[in-house]
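> The structure file upload_18.cif (mmCIF, C-alpha atoms) is provided below.
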data_final
loop_
_atom_site.label_atom_id
_atom_site.label_comp_id
_atom_site.auth_asym_id
_atom_site.auth_seq_id
_atom_site.Cartn_x
_atom_site.Cartn_y
_atom_site.Cartn_z
CA MET A 15 -53.69 90.79 74.24
CA THR A 16 -51.83 93.31 76.35
CA GLU A 17 -48.52 92.13 77.79
CA THR A 18 -48.11 92.77 81.50
CA ARG A 19 -45.08 94.90 82.19
CA ARG A 20 -42.94 93.38 84.89
CA GLU A 21 -41.13 95.39 87.52
CA GLN A 22 -37.39 95.68 86.94
CA PHE A 23 -35.53 95.33 90.20
CA GLN A 24 -32.30 97.09 91.07
CA ALA A 25 -29.83 96.75 93.92
CA LEU A 26 -30.95 98.49 97.09
CA ARG A 27 -29.58 101.93 97.95
CA GLY A 28 -26.09 101.61 99.31
CA MET A 29 -25.69 98.08 97.92
CA ARG A 30 -24.13 97.24 94.59
CA ASP A 31 -23.14 94.42 92.29
CA ILE A 32 -19.40 93.83 91.87
CA LEU A 33 -18.86 92.65 88.31
CA PRO A 34 -15.82 91.45 86.36
CA PRO A 35 -13.10 92.64 86.07
CA GLU A 36 -13.45 94.50 89.39
CA SER A 37 -14.31 91.26 91.16
CA ALA A 38 -11.00 89.75 90.01
CA ARG A 39 -9.13 92.82 91.28
CA ARG A 40 -10.72 92.48 94.71
CA ARG A 41 -9.89 88.79 94.77
CA ALA A 42 -6.25 89.61 93.99
CA LEU A 43 -6.25 92.21 96.78
CA THR A 44 -7.60 89.63 99.22
CA ALA A 45 -4.90 87.16 98.20
CA GLN A 46 -2.22 89.79 98.82
CA PHE A 47 -3.60 90.51 102.28
CA ILE A 48 -3.78 86.82 103.16
CA ALA A 49 -0.16 86.34 102.10
CA GLN A 50 0.94 89.11 104.46
CA CYS A 51 -1.02 87.61 107.36
CA GLU A 52 0.19 84.07 106.84
CA SER A 53 3.80 85.28 106.70
CA ALA A 54 3.38 86.26 110.38
CA ASP A 55 1.52 83.05 111.39
CA TYR A 56 -2.00 84.50 111.47
CA HIS A 57 -4.76 82.06 110.52
CA GLU A 58 -8.19 82.70 109.06
CA VAL A 59 -11.34 82.94 111.15
CA VAL A 60 -14.79 83.17 109.54
CA PRO A 61 -17.39 84.50 112.00
CA PRO A 62 -21.12 84.40 111.19
CA LEU A 63 -22.71 87.16 109.15
CA VAL A 64 -25.41 87.54 111.81
CA GLU A 65 -25.04 87.58 115.59
CA ASP A 66 -27.18 88.07 118.64
CA LEU A 67 -27.74 91.81 118.91
CA GLY A 68 -26.07 91.79 122.31
CA VAL A 69 -22.69 91.00 120.74
CA PHE A 70 -22.63 94.34 118.96
CA LEU A 71 -24.12 96.27 121.86
CA ARG A 72 -20.78 95.54 123.56
CA VAL A 73 -19.18 97.75 120.91
CA GLY A 74 -20.63 100.69 122.80
CA GLU A 75 -24.17 101.98 122.95
CA ALA A 76 -22.95 105.55 122.55
CA THR A 77 -21.58 104.93 119.06
CA ASP A 78 -23.33 105.63 115.76
CA VAL A 79 -22.69 102.03 114.68
CA VAL A 80 -25.00 100.81 117.45
CA THR A 81 -27.47 103.67 117.78
CA LYS A 82 -28.15 104.47 114.13
CA GLU A 83 -26.43 102.20 111.63
CA MET A 84 -27.08 98.56 112.54
CA TYR A 85 -29.43 96.36 110.56
CA ASP A 86 -31.16 94.62 113.49
CA PHE A 87 -34.42 92.72 113.50
CA VAL A 88 -36.35 89.93 115.18
CA ASP A 89 -36.05 86.61 113.33
CA LYS A 90 -38.63 83.82 113.09
CA ASP A 91 -37.43 82.35 116.40
CA GLN A 92 -38.20 85.72 118.04
CA THR A 93 -34.48 86.29 118.62
CA ARG A 94 -33.23 89.82 118.17
CA ILE A 95 -30.27 89.59 115.82
CA ALA A 96 -28.16 91.94 113.70
CA LEU A 97 -26.18 91.85 110.51
CA ARG A 98 -22.60 92.47 111.57
CA PRO A 99 -21.57 96.14 111.24
CA GLU A 100 -17.94 95.26 112.00
CA MET A 101 -16.04 92.06 112.74
CA THR A 102 -13.98 92.51 115.89
CA ALA A 103 -16.93 91.93 118.20
CA GLY A 104 -17.84 88.68 116.43
CA VAL A 105 -14.25 87.44 116.47
CA VAL A 106 -13.95 88.16 120.19
CA ARG A 107 -17.28 86.41 120.80
CA ALA A 108 -15.86 83.37 118.96
CA PHE A 109 -12.75 83.53 121.13
CA VAL A 110 -14.84 83.57 124.31
CA GLN A 111 -17.02 80.70 123.08
CA HIS A 112 -14.25 78.37 121.86
CA ARG A 113 -11.39 79.32 124.22
CA PRO A 114 -8.50 78.59 121.80
CA LEU A 115 -4.89 78.38 122.93
CA LEU A 116 -3.15 81.69 123.51
CA PRO A 117 -1.92 83.72 121.83
CA TRP A 118 -4.72 83.59 119.28
CA LYS A 119 -3.62 85.31 116.08
CA VAL A 120 -6.28 85.37 113.37
CA PHE A 121 -7.23 87.30 110.25
CA TYR A 122 -10.54 87.78 108.46
CA ALA A 123 -11.89 89.06 105.18
CA GLY A 124 -15.62 89.57 104.86
CA THR A 125 -18.71 91.67 104.30
CA ASN A 126 -20.35 93.98 106.82
CA PHE A 127 -23.50 96.12 106.79
CA ARG A 128 -24.22 99.61 108.10
CA HIS A 129 -27.29 101.70 107.34
CA GLU A 130 -25.44 104.96 106.75
CA ARG A 131 -25.55 107.60 104.06
CA PRO A 132 -23.87 106.18 100.94
CA GLN A 133 -20.99 108.19 99.52
CA LYS A 134 -17.90 107.60 97.44
CA GLY A 135 -15.94 104.73 98.95
CA ARG A 136 -18.59 104.07 101.59
CA TYR A 137 -21.53 101.76 101.02
CA ARG A 138 -24.09 100.10 103.24
CA MET A 139 -22.65 96.75 102.23
CA PHE A 140 -18.86 96.82 102.42
CA ASP A 141 -15.87 94.51 102.73
CA GLN A 142 -13.11 94.65 105.30
CA PHE A 143 -9.82 92.90 105.95
CA GLY A 144 -8.53 92.68 109.47
CA ILE A 145 -6.52 90.85 112.08
CA GLU A 146 -7.01 90.24 115.79
CA ALA A 147 -4.38 89.05 118.27
CA LEU A 148 -5.61 88.07 121.72
CA GLY A 149 -3.92 86.94 124.89
CA VAL A 150 -0.73 89.01 124.96
CA ASP A 151 -0.04 92.21 126.89
CA ASP A 152 3.11 93.27 125.08
CA ALA A 153 3.73 96.54 123.27
CA ASP A 154 5.85 94.65 120.75
CA LEU A 155 2.67 92.90 119.57
CA ASP A 156 1.21 96.33 118.87
CA VAL A 157 4.26 96.98 116.71
CA GLU A 158 3.78 93.71 114.83
CA VAL A 159 0.11 94.40 114.13
CA ILE A 160 0.75 97.94 112.89
CA ALA A 161 3.69 96.79 110.76
CA LEU A 162 1.57 94.10 109.10
CA ALA A 163 -0.91 96.69 107.87
CA SER A 164 1.90 99.01 106.79
CA ARG A 165 3.65 96.24 104.82
CA PHE A 166 0.38 95.29 103.17
CA PHE A 167 -0.07 98.81 101.82
CA GLU A 168 3.51 98.81 100.58
CA SER A 169 3.03 95.42 98.92
CA ILE A 170 0.22 96.74 96.71
CA GLY A 171 2.21 99.78 95.71
CA LEU A 172 0.65 102.49 97.90
CA ARG A 173 3.23 105.09 98.87
CA GLN A 174 1.11 108.08 99.96
CA VAL A 175 -0.15 106.54 103.20
CA THR A 176 0.37 108.18 106.59
CA LEU A 177 0.20 106.22 109.83
CA LEU A 178 -1.39 108.31 112.61
CA ILE A 179 -0.94 107.01 116.14
CA ASN A 180 -2.00 107.91 119.68
CA SER A 181 -2.70 106.32 123.03
CA LEU A 182 -6.02 106.49 124.86
CA GLY A 183 -4.55 105.00 128.02
CA GLU A 184 -6.15 102.49 130.34
CA HIS A 185 -9.86 102.46 131.10
CA GLU A 186 -9.43 104.88 134.00
CA ASP A 187 -7.23 107.19 131.88
CA ARG A 188 -9.83 107.27 129.14
CA GLU A 189 -12.63 107.98 131.60
CA ARG A 190 -10.72 110.96 133.07
CA TYR A 191 -9.90 112.24 129.61
CA THR A 192 -13.47 111.80 128.37
CA GLU A 193 -14.79 113.82 131.29
CA ALA A 194 -12.23 116.56 130.67
CA VAL A 195 -13.22 116.74 127.02
CA ARG A 196 -16.91 116.74 127.97
CA GLN A 197 -16.50 119.70 130.31
CA TYR A 198 -14.41 121.63 127.80
CA LEU A 199 -16.87 121.04 124.94
CA LEU A 200 -19.82 121.96 127.14
CA SER A 201 -18.12 125.30 127.77
CA ARG A 202 -17.94 125.82 123.98
CA ARG A 203 -21.19 124.10 123.12
CA ASP A 204 -22.83 127.06 121.42
CA ASP A 205 -19.87 127.39 119.04
CA LEU A 206 -20.01 123.75 117.91
CA SER A 207 -21.76 122.60 114.76
CA GLU A 208 -25.28 121.30 115.28
CA ALA A 209 -24.19 117.74 114.50
CA SER A 210 -21.34 117.92 117.04
CA GLN A 211 -23.73 119.23 119.70
CA VAL A 212 -25.76 116.05 119.24
CA THR A 213 -22.62 113.89 119.32
CA LEU A 214 -21.46 115.60 122.51
CA GLU A 215 -24.48 114.29 124.38
CA ARG A 216 -23.68 110.69 123.43
CA ASN A 217 -19.90 110.46 123.09
CA PRO A 218 -17.68 113.52 123.64
CA LEU A 219 -14.60 111.87 122.15
CA ARG A 220 -16.37 111.45 118.81
CA VAL A 221 -16.57 115.23 118.49
CA LEU A 222 -12.78 115.19 118.10
CA ASP A 223 -13.29 113.30 114.81
CA SER A 224 -15.34 116.13 113.30
CA LYS A 225 -14.05 117.54 110.01
CA ARG A 226 -16.54 120.43 109.98
CA ALA A 227 -15.00 123.88 109.58
CA GLU A 228 -16.84 125.40 112.56
CA ASP A 229 -15.46 122.69 114.87
CA ARG A 230 -11.79 122.81 113.89
CA GLN A 231 -10.52 125.55 116.19
CA ILE A 232 -12.52 124.22 119.11
CA ILE A 233 -10.98 120.79 118.61
CA ARG A 234 -7.48 122.26 118.32
CA ASP A 235 -7.90 123.84 121.78
CA ALA A 236 -9.31 120.68 123.42
CA PRO A 237 -7.43 118.87 126.21
CA LEU A 238 -4.75 116.36 125.16
CA VAL A 239 -5.03 112.73 126.19
CA ALA A 240 -1.27 112.62 126.88
CA ASP A 241 -1.91 114.78 129.95
CA TYR A 242 -4.17 112.07 131.41
CA LEU A 243 -2.07 108.95 130.81
CA SER A 244 -0.87 106.88 133.73
CA ALA A 245 2.84 106.09 133.99
CA GLU A 246 2.14 102.52 132.83
CA SER A 247 0.16 103.70 129.78
CA ALA A 248 2.85 106.23 128.87
CA ALA A 249 5.55 103.54 129.10
CA HIS A 250 3.53 101.20 126.87
CA TYR A 251 3.06 103.92 124.27
CA ALA A 252 6.75 104.84 124.34
CA ARG A 253 7.67 101.20 123.72
CA VAL A 254 5.34 101.07 120.70
CA LEU A 255 6.89 104.18 119.18
CA SER A 256 10.44 102.99 119.76
CA GLY A 257 9.56 99.64 118.18
CA LEU A 258 8.16 101.29 115.08
CA ASP A 259 11.31 103.42 114.86
CA ALA A 260 13.50 100.32 115.17
CA ILE A 261 11.86 98.48 112.27
CA GLY A 262 11.53 101.51 110.03
CA VAL A 263 7.77 102.11 110.08
CA SER A 264 7.12 105.84 109.73
CA TYR A 265 4.34 107.45 111.75
CA THR A 266 2.88 110.76 112.83
CA GLU A 267 1.69 111.23 116.39
CA ASP A 268 -1.84 112.64 116.45
CA PRO A 269 -2.89 113.65 119.97
CA ARG A 270 -6.47 114.19 118.77
CA LEU A 271 -6.85 110.71 117.28
CA VAL A 272 -9.68 108.70 118.81
CA ARG A 273 -11.46 105.68 117.44
CA GLY A 274 -15.21 105.52 116.96
CA LEU A 275 -15.82 102.37 118.99
CA ASP A 276 -15.93 102.36 122.78
CA TYR A 277 -13.78 99.31 123.32
CA TYR A 278 -10.44 100.89 122.34
CA ARG A 279 -7.74 101.32 125.00
CA ARG A 280 -4.09 102.36 124.95
CA THR A 281 -2.60 102.15 121.42
CA THR A 282 -4.90 103.50 118.72
CA PHE A 283 -3.94 104.14 115.12
CA GLU A 284 -5.28 105.03 111.70
CA PHE A 285 -3.97 104.92 108.13
CA ALA A 286 -4.75 107.93 105.94
CA ALA A 287 -4.39 107.87 102.14
CA GLU A 288 -3.03 111.30 101.25
CA ALA A 289 -4.06 110.86 97.59
CA LEU A 290 -7.74 110.99 98.66
CA ASP A 291 -9.80 113.92 99.89
CA SER A 292 -8.84 114.62 103.49
CA ALA A 293 -12.42 114.33 104.72
CA GLN A 294 -12.70 110.75 103.47
CA ASN A 295 -9.14 109.43 103.41
CA ALA A 296 -9.12 106.89 106.25
CA ILE A 297 -8.40 103.48 104.73
CA GLY A 298 -8.07 101.53 107.94
CA GLY A 299 -7.29 101.65 111.61
CA GLY A 300 -7.39 99.84 114.88
CA GLY A 301 -5.94 99.58 118.33
CA ARG A 302 -6.01 97.75 121.62
CA TYR A 303 -9.31 96.64 123.07
CA ASP A 304 -8.28 95.12 126.41
CA GLY A 305 -11.49 94.33 128.26
CA LEU A 306 -13.73 93.46 125.31
CA ALA A 307 -13.49 89.69 125.93
CA GLU A 308 -14.51 90.29 129.52
CA ALA A 309 -17.49 92.32 128.33
CA MET A 310 -18.47 89.31 126.21
CA GLY A 311 -18.59 87.10 129.30
CA GLY A 312 -15.09 85.68 129.01
CA PRO A 313 -11.95 86.05 131.08
CA ALA A 314 -10.07 89.35 131.04
CA THR A 315 -7.96 89.08 127.89
CA ASP A 316 -5.70 91.57 126.17
CA GLY A 317 -6.34 92.14 122.48
CA ILE A 318 -5.30 94.28 119.53
CA GLY A 319 -6.28 94.39 115.89
CA PHE A 320 -7.16 96.48 112.88
CA ALA A 321 -9.73 96.67 110.11
CA LEU A 322 -9.03 97.93 106.59
CA GLY A 323 -11.71 99.16 104.18
CA VAL A 324 -11.46 97.47 100.79
CA ASP A 325 -13.36 100.14 98.84
CA ARG A 326 -11.27 103.02 100.18
CA ILE A 327 -8.05 101.07 99.59
CA LEU A 328 -8.95 100.55 95.94
CA LEU A 329 -9.85 104.23 95.57
CA ALA A 330 -6.42 105.08 96.95
CA CYS A 331 -4.84 102.64 94.49
CA ASP A 332 -6.69 104.34 91.64
CA ALA A 333 -5.54 107.76 92.85
CA GLU A 334 -1.91 106.60 92.88
CA GLY A 335 -2.23 104.51 89.72
CA VAL A 336 -1.16 101.27 91.40
CA PHE A 337 -2.49 97.75 91.89
CA THR A 338 -4.13 97.31 88.52
CA PRO A 339 -3.40 93.59 88.12
CA GLU A 340 -3.94 92.20 84.68
CA SER A 341 -6.33 89.33 84.26
CA ALA A 342 -4.61 85.96 84.03
CA GLY A 343 -6.22 85.78 80.58
CA LEU A 344 -7.47 82.90 78.54
CA GLU A 345 -4.85 80.72 76.93
CA VAL A 346 -6.83 79.04 74.13
CA PHE A 347 -10.05 79.84 72.31
CA VAL A 348 -11.30 76.94 70.19
CA ILE A 349 -12.96 77.75 66.86
CA ASP A 350 -14.94 74.93 65.28
CA THR A 351 -16.57 75.66 61.91
CA VAL A 352 -17.79 72.09 61.38
CA SER A 353 -20.18 70.69 63.99
CA GLY A 354 -19.00 71.97 67.36
CA GLU A 355 -18.09 68.48 68.53
CA ALA A 356 -14.35 69.10 68.22
CA ALA A 357 -14.66 72.37 70.17
CA ARG A 358 -16.66 70.59 72.86
CA ASP A 359 -14.12 67.79 73.28
CA ILE A 360 -10.93 69.82 72.93
CA THR A 361 -11.94 72.54 75.44
CA HIS A 362 -12.71 69.92 78.08
CA GLN A 363 -9.48 68.05 77.44
CA LEU A 364 -7.41 71.23 77.58
CA ARG A 365 -8.99 72.25 80.88
CA ALA A 366 -8.33 68.78 82.31
CA ALA A 367 -4.67 69.27 81.40
CA GLY A 368 -4.54 72.61 83.22
CA ILE A 369 -4.84 74.93 80.21
CA SER A 370 -7.60 77.54 80.31
CA ALA A 371 -9.84 77.26 77.27
CA ASP A 372 -13.18 78.46 75.96
CA ARG A 373 -15.28 78.28 72.82
CA ARG A 374 -18.31 79.90 71.24
CA PHE A 375 -21.59 78.09 71.67
CA GLY A 376 -24.26 78.01 69.01
CA GLY A 377 -21.86 77.81 66.06
CA GLY A 378 -21.30 80.70 63.69
CA SER A 379 -19.08 81.64 60.81
CA MET A 380 -15.32 81.67 60.95
CA LYS A 381 -15.41 85.48 61.05
CA SER A 382 -17.87 85.67 63.95
CA GLN A 383 -15.98 83.06 65.94
CA MET A 384 -12.71 84.91 65.39
CA LYS A 385 -14.36 88.06 66.79
CA SER A 386 -15.29 86.07 69.87
CA ALA A 387 -11.69 84.87 70.14
CA ASP A 388 -10.44 88.47 69.91
CA ARG A 389 -12.84 89.61 72.64
CA SER A 390 -11.75 86.76 74.91
CA GLY A 391 -8.15 88.01 74.97
CA ALA A 392 -6.92 84.46 74.37
CA ARG A 393 -3.26 83.87 73.67
CA PHE A 394 -4.00 81.31 70.96
CA ALA A 395 -6.90 80.52 68.67
CA LEU A 396 -7.23 76.84 67.87
CA ILE A 397 -9.09 76.35 64.59
CA VAL A 398 -10.86 73.19 63.45
CA GLY A 399 -12.36 73.33 59.95
CA GLU A 400 -13.18 70.71 57.32
CA ASP A 401 -9.54 70.47 56.17
CA GLU A 402 -8.16 70.07 59.69
CA LEU A 403 -10.84 67.57 60.67
CA ALA A 404 -10.09 65.39 57.63
CA VAL A 405 -6.46 64.86 58.66
CA ASP A 406 -6.94 64.96 62.46
CA GLU A 407 -5.12 68.25 62.88
CA VAL A 408 -5.79 71.74 64.20
CA THR A 409 -4.51 75.17 63.21
CA LEU A 410 -2.80 76.97 66.07
CA ARG A 411 -2.85 80.75 65.59
CA PRO A 412 -1.06 83.15 68.01
CA MET A 413 -3.39 86.02 68.91
CA LEU A 414 -1.33 88.47 70.99
CA GLY A 415 1.50 89.21 68.58
CA ARG A 416 4.20 87.74 70.82
CA PRO A 417 7.24 86.64 68.77
CA ALA A 418 7.87 83.89 71.30
CA ASP A 419 4.52 82.30 70.37
CA GLY A 420 5.71 81.63 66.83
CA GLU A 421 3.73 81.74 63.61
CA GLN A 422 0.43 80.15 62.67
CA ARG A 423 0.96 76.43 62.18
CA ARG A 424 -0.83 73.11 61.75
CA VAL A 425 -0.49 70.65 64.60
CA GLY A 426 -1.65 67.06 64.94
CA ARG A 427 -4.29 66.69 67.63
CA SER A 428 -2.17 64.06 69.36
CA ASP A 429 0.72 66.55 69.55
CA LEU A 430 -1.33 69.55 70.64
CA LEU A 431 -0.71 69.35 74.38
CA GLY A 432 3.02 69.06 73.93
CA GLU A 433 3.03 72.03 71.56
CA LEU A 434 0.95 74.19 73.95
CA ASN A 435 3.06 73.10 76.90
CA ARG A 436 6.07 74.77 75.27
CA TYR A 437 4.27 78.10 75.54
CA CYS A 438 1.80 77.80 78.41
CA GLY A 439 3.66 75.51 80.80
CA GLN A 440 0.44 74.49 82.54
CA ILE A 441 0.23 70.76 81.93
CA ASP A 442 0.49 68.49 84.96
CA PRO A 443 3.58 66.33 84.26
CA THR A 444 2.30 63.61 86.58
CA ASN A 445 -0.84 63.18 84.48
CA PRO A 446 0.14 63.28 80.80
CA ARG A 447 -2.73 63.34 78.34
CA THR A 448 -3.17 63.37 74.60
CA ILE A 449 -6.02 64.78 72.58
CA SER A 450 -7.64 62.46 70.14
#
Go ahead and render the structure in this file as C-alpha cells.

Amino acid sequence: MTETRREQFQALRGMRDILPPESARRRALTAQFIAQCESADYHEVVPPLVEDLGVFLRVGEATDVVTKEMYDFVDKDQTRIALRPEMTAGVVRAFVQHRPLLPWKVFYAGTNFRHERPQKGRYRMFDQFGIEALGVDDADLDVEVIALASRFFESIGLRQVTLLINSLGEHEDRERYTEAVRQYLLSRRDDLSEASQVTLERNPLRVLDSKRAEDRQIIRDAPLVADYLSAESAAHYARVLSGLDAIGVSYTEDPRLVRGLDYYRRTTFEFAAEALDSAQNAIGGGGRYDGLAEAMGGPATDGIGFALGVDRILLACDAEGVFTPESAGLEVFVIDTVSGEAARDITHQLRAAGISADRRFGGGSMKSQMKSADRSGARFALIVGEDELAVDEVTLRPMLGRPADGEQRRVGRSDLLGELNRYCGQIDPTNPRTIS
C-alpha cells in the first residue's frame, strides 16, 4: 500500500514564526517600552486588527500604504475591510468613537500588515510600538513625545541613533510647499529615476525620500519647506527645538525630511540607526497630525505621536551589541529515577511556591535525565532515586558552578522549600508550603 505524501506547509512570503529565545527578547523589549510610557502617564490602547477600509483611506490615497500595500478584502457581511497597515489611524478612530477626556495620552504595541517586498528588517507582518497624544496644541508636548522615544532607545543601550527633525507647517503651508516641489520636479522629470517619476504623479513629497543615486542631486536642489512656513508654524518649530535643547535631546535638522503618510503637519521627525545601512536605517518616526480626527468624522483635534519598528530596532541592537537580555532561566530540574511520581508532585509544588521547575517526561536513565537538566540551564538539579525515596529526602545538586549555591547535599523533602528559598528567594512568605 502506497502512503500518500502530505503537503508540508510553510509560513507565507513575508511572514515568519518568532521562536524562543527571540520571542523572549521581543517580550523584554516590549516591557521596556511600556515602562517608559507609563513613567509619563501614557496608558495602553488596543485597537482592532481589522478596520473598515475607510479608516485607512484617511491616511492618504496618494501613499503606497493605501494604493499598493494594504491587505483589503470583502468579508462575509459584504463589508470592505482591511488588515491594519499602521496603528495611528485606528487609534484616532477609537478616539473619535469613544470621545475620552482630553488630553488623551495612550501607547500601543501590536502587529501590522503590509504587502510590500520583504527585505532585511522589513516583513509583511511586523510589530510596532507607538504613542499618540491628542487634544493639546502645545509645542512642549511635541518635546515630550520625542524625548520619550529618545529615552527608550537609550534605555536599551542604543547609542548610535540620530534624531532628524523638520517642520511641514500647517495644512496651507504644506500645500504651497507640495506645489513648489511638484513644479520643480516636473522641470527635472527626465533626470529622475523611473520609480520617482511614478511617485511624482501621486505624491511629490515622497520623491524627497528617494535614496536612489540618480535622484540625490535633484533632491539636494529642491525647494526647502522652511521657505514656505507661516510665522505661526515657524514659532511652533522654534519652540520644539529650544525645548529639546533645554532637556538635552540631541537632534539634526533635516530640511528634506518628509513623512510617508499624508496626515502629518508641523513637527515631523525620524530616528536613524547609524549602525545600519543608510538605505534601511530608519527605526521609527512620527509627527503632528492635526486634522486627522476631523477627517475621521470627529471634532478638530490636535494630535502627535510616533511609531517604532521592532524588527529594525533589534537589528540596530545586534549591530551595536546591546540588549541581549539573558533568559530568566529555570531554577530547578527534577530528576526521578524511580517512578516519576515524585517528579510529578515536586515540580507542581515548587511552581505553586513560586519556583520555576521542570522535569523529563517518559522516564529515562540517570544519565539521560542529567543531560536534559544540563540542556534546561537549570540552577539546581533535584534528584530522587531509590535511596532518597526510602528516607524521604532529595539530593540537591548545583548546576551552574556558583560558589554561593554550595555543594551537592541531601535535603529532607519537608525542608526543601526553605533550603531553596535561601538561594532562589521566590517563595511567597504569605503562603508557606512544605513538600511531602
> If we count all atoms listed in the file, what is near Ala357 (chain A) at a cut-off of 8 Å, once residues fewer than 4 positions away on the same chain are taken out, given as a list in words?
Val348, Ile349, Asp350, Thr361, Arg373 and Val398 of chain A
> Could you tell me how far CA of Arg270 (chain A) lies from CA of Ile179 (chain A), in Å and to one decimal?
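CA of Arg270 (chain A) sits 9.4 Å away from CA of Ile179 (chain A).
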> Calculated over all atoms listed in the file, which of the candidates A:Gly368, A:Gly415, A:Gly301, A:Gly399 has the smallest distance to Gln383 (chain A)?
A:Gly399
> Let me know the residues the PyMOL selection byres ((chain A and resi 206-209) around 12) catches in the file above, as a ChimeraX atom specification.
/A:198-205,210-216,218,220-233
> Using the chain letters and numbers from this file, what does the PyMOL selection byres ((chain A and resi 36) around 12) select? Give the answer as a list in words.
Asp31, Ile32, Leu33, Pro34, Pro35, Ser37, Ala38, Arg39, Arg40, Arg41, Ala42, Leu43, Val324, Asp325, Leu328, Phe337, Thr338, Pro339, Glu340 and Ser341 of chain A
> Starting from the point (-11.2, 103.1, 97.6), work out which residues of protein, DNA or RNA have an atom no more than 9 Å away when counting all atoms listed in the file; state them as a list in words.
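Within 9 Å of (-11.2, 103.1, 97.6), the protein and nucleic acid residues are Lys134, Gly135, Arg136, Leu290, Asn295, Ile297, Gly323, Val324, Asp325, Arg326, Ile327, Leu328, Leu329, Ala330, Cys331, Asp332 and Ala333 of chain A.
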> Could you check which residues have any atom within 6 Å of (-0.2, 103.4, 119.1), counting all atoms listed in the file with coordinates taken straight from the file, and then list them as a PyMOL selection string?
chain A and resi 179-181+281-283
> With the PyMOL selection byres ((chain A and resi 257) around 12) as the selection, what would be picked from this file? Answer as a PyMOL selection string, please.
chain A and resi 152-161+250-256+258-265
> Fewer than 2 positions away in the same chain doesn't count, so skip those; otherwise give me all residues within 8 Å of Arg107 (chain A), counting all atoms listed in the file, as a PyMOL selection string.
chain A and resi 69+103-105+109-111+307+310
> Have a look at CA of Ser370 (chain A) and CA of Lys385 (chain A) and let me know their distance in Å, one decimal.
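Separating CA of Ser370 (chain A) from CA of Lys385 (chain A) is a distance of 18.4 Å.
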> So that all listed atoms of region 391-395 of chain A fit with 5 Å spare on each side, what axis-aligned box centre and edge lengths in Å, to one decimal, would you give as JSON?

{"center_x": -5.7, "center_y": 84.3, "center_z": 71.8, "size_x": 14.9, "size_y": 17.5, "size_z": 16.3}
